[in-house]
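Colleague: Have a look at this one before I ask anything.
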Amino acid sequence: MKSTKNTEKTTLHPRNLHRFGYNFEQLALNYPKLGEFVSINEHNIETIDFSNPEAVKALNNALLITNYEIQNWDIPKDFLCPPIPGRADYIHYLADLLATTNNGVIPEGENVVGLDIGIGANCIYPILGNAIYGWSFVGTDIDENAIQNCKKIIEQNPKLVEAVSLQLQVNSRFIFKNIIEPEDKFTFTICNPPFHSSSEEATKSSIRKVNNLTPNTPKTAKPVLNFGGQNAELWCEGGELGFIKQMIFESAKYPMQCLWFTTLVSKQSNLNTIYKTLNNVAAIHKTIEMAQGQKTSRIVAWTFMTEAQQKAWKF
């Protein structure tokens, strides 16, 4: 007899709906296709093969329908399929950060406006931020196909139509230029930067990742990306560090137009250079540690506003 007991994932944020794992029975009821991928593992617990991109996509669909009231979510082949618990964590930690200058109260509603840098084809941060806290978003990307797919997701979910707008970044050399206009005010920016510095590096990492996920099967030399990913999503010149440094230098041009600039930082070894760059532009910064399972990551957040200016920000 299968076990339905899930161990609490204490590394996830306390408000994260996914702390107690997945109720596959309930999820498959809401999204029957998921049932095709559910099996019993050696511990007698229901699970899916997380190295299979179709299984991961089906799980995401089920989670979005069940927990976030999102219908008809889809992404084109080979685009990044995000792990939802980890993306939800980023949203919850951002909420805590905003509460620090709002008398400890998490600001909710459409007046909290986030700028999602590199929204991808999945639209995941706006979906989660809007579902959990009612926030509004502007999503940007350098890939026209990604923007068009987000548009489809938004059109299929009426509650997102007023909450999320999209903007193509026409010049891939820039991050905020052409996007933040003089009249714009953003409560925060959110970003999952490209991790690698080349296509070759991304491929090697993908092979390693798949082999780690399937330790009992023959090693592969060809990556099938369980979470997918296009070039712009996975790598850029200079890798994660180059991208974040560019973001920091550009952010200094908009010091009073955004309360908190934030980004994920996957490589701990990049932190010292990031801190030096932030100090060079006279930004106040903080680091929020996150962990999902065996993977550790962190959010680096910075602002150019004094404490008094932060507290005066209108949500």
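By convention here, the chains of the structure tokens are called A, B, ... in the order presented, each chain's residues are numbered starting at 1, and ligands are numbered starting at 1 in the order presented.
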Write out as a list in words which residues come within 12 Å of Ala55 (chain A) when counting only C-alpha atoms, dropping same-chain ones fewer than 3 positions away.
Modeller: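 Near Ala55 (chain A), the qualifying residues are Ala28, Tyr31, Lys33, Leu34, Gly35, Glu36, Phe37, Val38, Ser39, Thr47, Ile48, Asp49, Phe50, Ser51, Asn52, Ala58, Leu59, Asn60, Asn61, Ala62, Cys81, Pro83, Leu225, Asn226 and Phe227 of chain A.
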Colleague: Just write the chosen residues, N, CA, C and O atoms, as a CSV table (one decimal), in the first residue's frame.
Modeller:
```
chain,number,residue,atom,x,y,z
A,28,ALA,N,-3.8,15.1,-9.5
A,28,ALA,CA,-4.3,14.4,-10.7
A,28,ALA,C,-5.8,14.5,-10.9
A,28,ALA,O,-6.2,14.4,-12.1
A,31,TYR,N,-5.9,17.8,-12.7
A,31,TYR,CA,-5.2,17.8,-13.9
A,31,TYR,C,-4.9,16.3,-14.3
A,31,TYR,O,-3.8,15.8,-14.0
A,33,LYS,N,-3.9,14.5,-16.7
A,33,LYS,CA,-2.7,14.1,-17.4
A,33,LYS,C,-1.5,13.8,-16.5
A,33,LYS,O,-0.7,13.0,-16.8
A,34,LEU,N,-1.5,14.5,-15.3
A,34,LEU,CA,-0.4,14.2,-14.4
A,34,LEU,C,-0.4,12.8,-13.9
A,34,LEU,O,0.7,12.2,-13.7
A,35,GLY,N,-1.6,12.1,-13.9
A,35,GLY,CA,-1.7,10.7,-13.5
A,35,GLY,C,-0.8,9.8,-14.3
A,35,GLY,O,-0.3,8.8,-13.8
A,36,GLU,N,-0.6,10.2,-15.6
A,36,GLU,CA,0.2,9.3,-16.5
A,36,GLU,C,1.7,9.2,-16.0
A,36,GLU,O,2.4,8.3,-16.3
A,37,PHE,N,2.1,10.2,-15.2
A,37,PHE,CA,3.5,10.3,-14.8
A,37,PHE,C,3.8,9.9,-13.3
A,37,PHE,O,4.9,9.8,-12.9
A,38,VAL,N,2.7,9.6,-12.6
A,38,VAL,CA,2.9,9.3,-11.1
A,38,VAL,C,3.2,7.8,-11.0
A,38,VAL,O,2.6,7.0,-11.6
A,39,SER,N,4.2,7.6,-10.1
A,39,SER,CA,4.6,6.2,-9.8
A,39,SER,C,4.9,6.1,-8.3
A,39,SER,O,5.1,7.1,-7.7
A,47,THR,N,5.4,9.7,-6.5
A,47,THR,CA,6.3,10.7,-7.0
A,47,THR,C,6.2,10.7,-8.6
A,47,THR,O,5.4,10.0,-9.2
A,48,ILE,N,7.0,11.6,-9.2
A,48,ILE,CA,7.1,11.6,-10.6
A,48,ILE,C,8.6,11.5,-10.9
A,48,ILE,O,9.5,11.7,-10.1
A,49,ASP,N,9.0,11.3,-12.2
A,49,ASP,CA,10.4,11.3,-12.6
A,49,ASP,C,10.7,12.8,-13.0
A,49,ASP,O,10.3,13.3,-14.0
A,50,PHE,N,11.5,13.4,-12.0
A,50,PHE,CA,11.8,14.8,-12.2
A,50,PHE,C,12.8,15.1,-13.3
A,50,PHE,O,13.1,16.2,-13.6
A,51,SER,N,13.3,14.0,-13.9
A,51,SER,CA,14.2,14.2,-15.1
A,51,SER,C,13.4,14.2,-16.4
A,51,SER,O,14.0,14.4,-17.5
A,52,ASN,N,12.1,14.0,-16.3
A,52,ASN,CA,11.3,14.0,-17.5
A,52,ASN,C,10.6,15.3,-17.7
A,52,ASN,O,9.7,15.7,-16.8
A,58,ALA,N,3.5,18.7,-16.5
A,58,ALA,CA,2.2,18.3,-16.0
A,58,ALA,C,2.0,18.6,-14.5
A,58,ALA,O,1.0,19.1,-14.1
A,59,LEU,N,3.1,18.4,-13.7
A,59,LEU,CA,3.0,18.8,-12.3
A,59,LEU,C,2.8,20.3,-12.1
A,59,LEU,O,1.9,20.7,-11.3
A,60,ASN,N,3.5,21.1,-12.9
A,60,ASN,CA,3.3,22.6,-12.9
A,60,ASN,C,1.8,22.9,-13.2
A,60,ASN,O,1.2,23.8,-12.5
A,61,ASN,N,1.3,22.3,-14.2
A,61,ASN,CA,-0.1,22.6,-14.6
A,61,ASN,C,-1.1,22.3,-13.4
A,61,ASN,O,-2.0,23.0,-13.1
A,62,ALA,N,-0.8,21.1,-12.8
A,62,ALA,CA,-1.7,20.7,-11.7
A,62,ALA,C,-1.6,21.6,-10.5
A,62,ALA,O,-2.6,22.0,-9.9
A,81,CYS,N,10.9,25.6,-17.8
A,81,CYS,CA,9.8,25.2,-17.0
A,81,CYS,C,10.1,25.3,-15.5
A,81,CYS,O,10.9,24.5,-15.0
A,83,PRO,N,10.5,25.5,-11.4
A,83,PRO,CA,10.1,24.7,-10.2
A,83,PRO,C,9.3,25.7,-9.4
A,83,PRO,O,9.8,26.6,-8.8
A,225,LEU,N,16.6,18.6,-21.0
A,225,LEU,CA,16.5,19.5,-19.9
A,225,LEU,C,15.1,19.3,-19.2
A,225,LEU,O,14.1,19.5,-19.8
A,226,ASN,N,15.1,18.8,-18.0
A,226,ASN,CA,13.9,18.6,-17.3
A,226,ASN,C,13.1,19.9,-17.1
A,226,ASN,O,11.9,20.0,-17.1
A,227,PHE,N,13.8,21.0,-16.9
A,227,PHE,CA,13.2,22.3,-16.7
A,227,PHE,C,13.4,23.1,-18.0
A,227,PHE,O,13.1,24.3,-18.0
```
Colleague: Need to verify the contact set: Gly118 (chain A), 6 Å, only C-alpha atoms, exclusion of same-chain residues closer than 2 positions in sequence. Can you return it as an MDAnalysis selection string?
Modeller: chainID A and resid 120 140:141
Colleague: Could you check which of A:Gln26, A:Gln310, A:Asn41, A:Thr273 is closest to Asn102 (chain A), using only C-alpha atoms?
Modeller: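 The shortest atom-to-atom distance to Asn102 (chain A) comes from A:Gln310.
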Colleague: Identify all residues of region 37-141 of chain A in alpha helix (DSSP H) (DSSP on the backbone) and supply them as a ChimeraX atom specification.
Modeller: /A:53-68,84-99,124-133
Colleague: Give me the residues within 8 Å of region 160-168 of chain A as a count of residues only, counting only C-alpha atoms and dropping any in the same chain fewer than 2 places off.
Modeller: 22
Colleague: Determine, counting only C-alpha atoms, which protein, DNA and RNA residues have an atom within 12 Å of an atom of Ile175 (chain A); residues of the same chain fewer than 3 positions away are not included. Present the result as a short mmCIF file (atom, residue, chain, number, x, y, z; two decimals) with N, CA and C atoms, in the first residue's frame.
Modeller:
```cif
data_model
loop_
_atom_site.label_atom_id
_atom_site.label_comp_id
_atom_site.auth_asym_id
_atom_site.auth_seq_id
_atom_site.Cartn_x
_atom_site.Cartn_y
_atom_site.Cartn_z
N LEU A 115 8.63 44.64 -11.35
CA LEU A 115 9.20 44.57 -12.69
C LEU A 115 9.97 43.25 -12.80
N ASP A 116 9.47 42.34 -13.63
CA ASP A 116 10.08 41.02 -13.79
C ASP A 116 11.04 41.06 -14.97
N ILE A 117 12.33 40.97 -14.64
CA ILE A 117 13.37 41.02 -15.67
C ILE A 117 13.61 39.61 -16.19
N GLY A 118 13.28 39.37 -17.47
CA GLY A 118 13.41 38.03 -18.04
C GLY A 118 12.25 37.15 -17.64
N GLY A 139 6.29 42.63 -17.15
CA GLY A 139 7.25 41.57 -17.48
C GLY A 139 8.02 41.92 -18.73
N THR A 140 9.35 41.78 -18.69
CA THR A 140 10.16 42.10 -19.86
C THR A 140 10.98 40.88 -20.28
N ASP A 141 11.30 40.84 -21.57
CA ASP A 141 12.17 39.78 -22.08
C ASP A 141 12.74 40.23 -23.41
N ILE A 142 13.87 39.61 -23.80
CA ILE A 142 14.47 39.94 -25.11
C ILE A 142 13.94 39.01 -26.20
N GLN A 167 6.52 43.81 -21.98
CA GLN A 167 7.32 44.72 -22.80
C GLN A 167 8.55 44.01 -23.33
N LEU A 168 8.73 44.06 -24.64
CA LEU A 168 9.91 43.47 -25.26
C LEU A 168 11.10 44.40 -25.05
N GLN A 169 12.21 43.84 -24.57
CA GLN A 169 13.45 44.62 -24.49
C GLN A 169 14.13 44.48 -25.85
N VAL A 170 14.13 45.57 -26.61
CA VAL A 170 14.59 45.50 -28.00
C VAL A 170 16.12 45.49 -28.12
N ASN A 171 16.81 45.89 -27.06
CA ASN A 171 18.27 45.91 -27.10
C ASN A 171 18.81 45.00 -26.00
N SER A 172 19.33 43.83 -26.39
CA SER A 172 19.74 42.83 -25.41
C SER A 172 20.96 43.26 -24.58
N ASN A 178 15.22 51.61 -21.82
CA ASN A 178 14.05 51.40 -22.70
C ASN A 178 12.87 50.78 -21.97
N ILE A 179 13.05 50.38 -20.73
CA ILE A 179 11.97 49.74 -19.96
C ILE A 179 11.45 50.68 -18.88
N ILE A 180 12.34 51.18 -18.02
CA ILE A 180 11.92 52.13 -16.97
C ILE A 180 11.86 53.53 -17.56
N THR A 189 12.06 45.03 -8.28
CA THR A 189 12.37 44.25 -9.47
C THR A 189 12.64 42.82 -9.01
N ILE A 190 12.40 41.87 -9.90
CA ILE A 190 12.59 40.45 -9.59
C ILE A 190 13.31 39.83 -10.78
N CYS A 191 14.25 38.93 -10.53
CA CYS A 191 15.02 38.40 -11.65
C CYS A 191 15.65 37.05 -11.32
N PRO A 193 18.51 35.44 -13.12
CA PRO A 193 19.43 35.75 -14.24
C PRO A 193 19.96 34.50 -14.93
N GLY A 242 28.23 38.61 -14.76
CA GLY A 242 28.21 39.71 -15.74
C GLY A 242 26.84 40.36 -15.83
N PHE A 243 25.80 39.53 -15.82
CA PHE A 243 24.43 40.02 -15.93
C PHE A 243 24.06 40.87 -14.71
N ILE A 244 24.40 40.37 -13.52
CA ILE A 244 24.03 41.08 -12.29
C ILE A 244 24.81 42.39 -12.15
N LYS A 245 26.07 42.39 -12.54
CA LYS A 245 26.86 43.64 -12.49
C LYS A 245 26.25 44.69 -13.41
N GLN A 246 25.86 44.26 -14.62
CA GLN A 246 25.19 45.18 -15.55
C GLN A 246 23.90 45.73 -14.94
N MET A 247 23.16 44.85 -14.28
CA MET A 247 21.89 45.26 -13.65
C MET A 247 22.15 46.30 -12.56
N ILE A 248 23.20 46.08 -11.77
CA ILE A 248 23.52 47.02 -10.68
C ILE A 248 23.91 48.38 -11.24
N PHE A 249 24.80 48.39 -12.23
CA PHE A 249 25.23 49.67 -12.82
C PHE A 249 24.06 50.43 -13.42
N GLU A 250 23.17 49.72 -14.11
CA GLU A 250 21.99 50.39 -14.70
C GLU A 250 21.02 50.87 -13.63
N SER A 251 20.87 50.08 -12.56
CA SER A 251 19.90 50.46 -11.51
C SER A 251 20.25 51.80 -10.87
N LYS A 253 20.98 54.39 -12.22
CA LYS A 253 20.42 55.50 -13.01
C LYS A 253 18.96 55.77 -12.65
N TYR A 254 18.36 54.87 -11.85
CA TYR A 254 16.93 55.01 -11.49
C TYR A 254 16.76 54.90 -9.97
#
```
Colleague: Between A:Pro32, A:Asn272, A:Ile124, A:Ile119, single out the one closest to Leu64 (chain A), counting only C-alpha atoms.
Modeller: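 Of A:Pro32, A:Asn272, A:Ile124, A:Ile119, the one nearest Leu64 (chain A), counting only C-alpha atoms, is A:Ile124.
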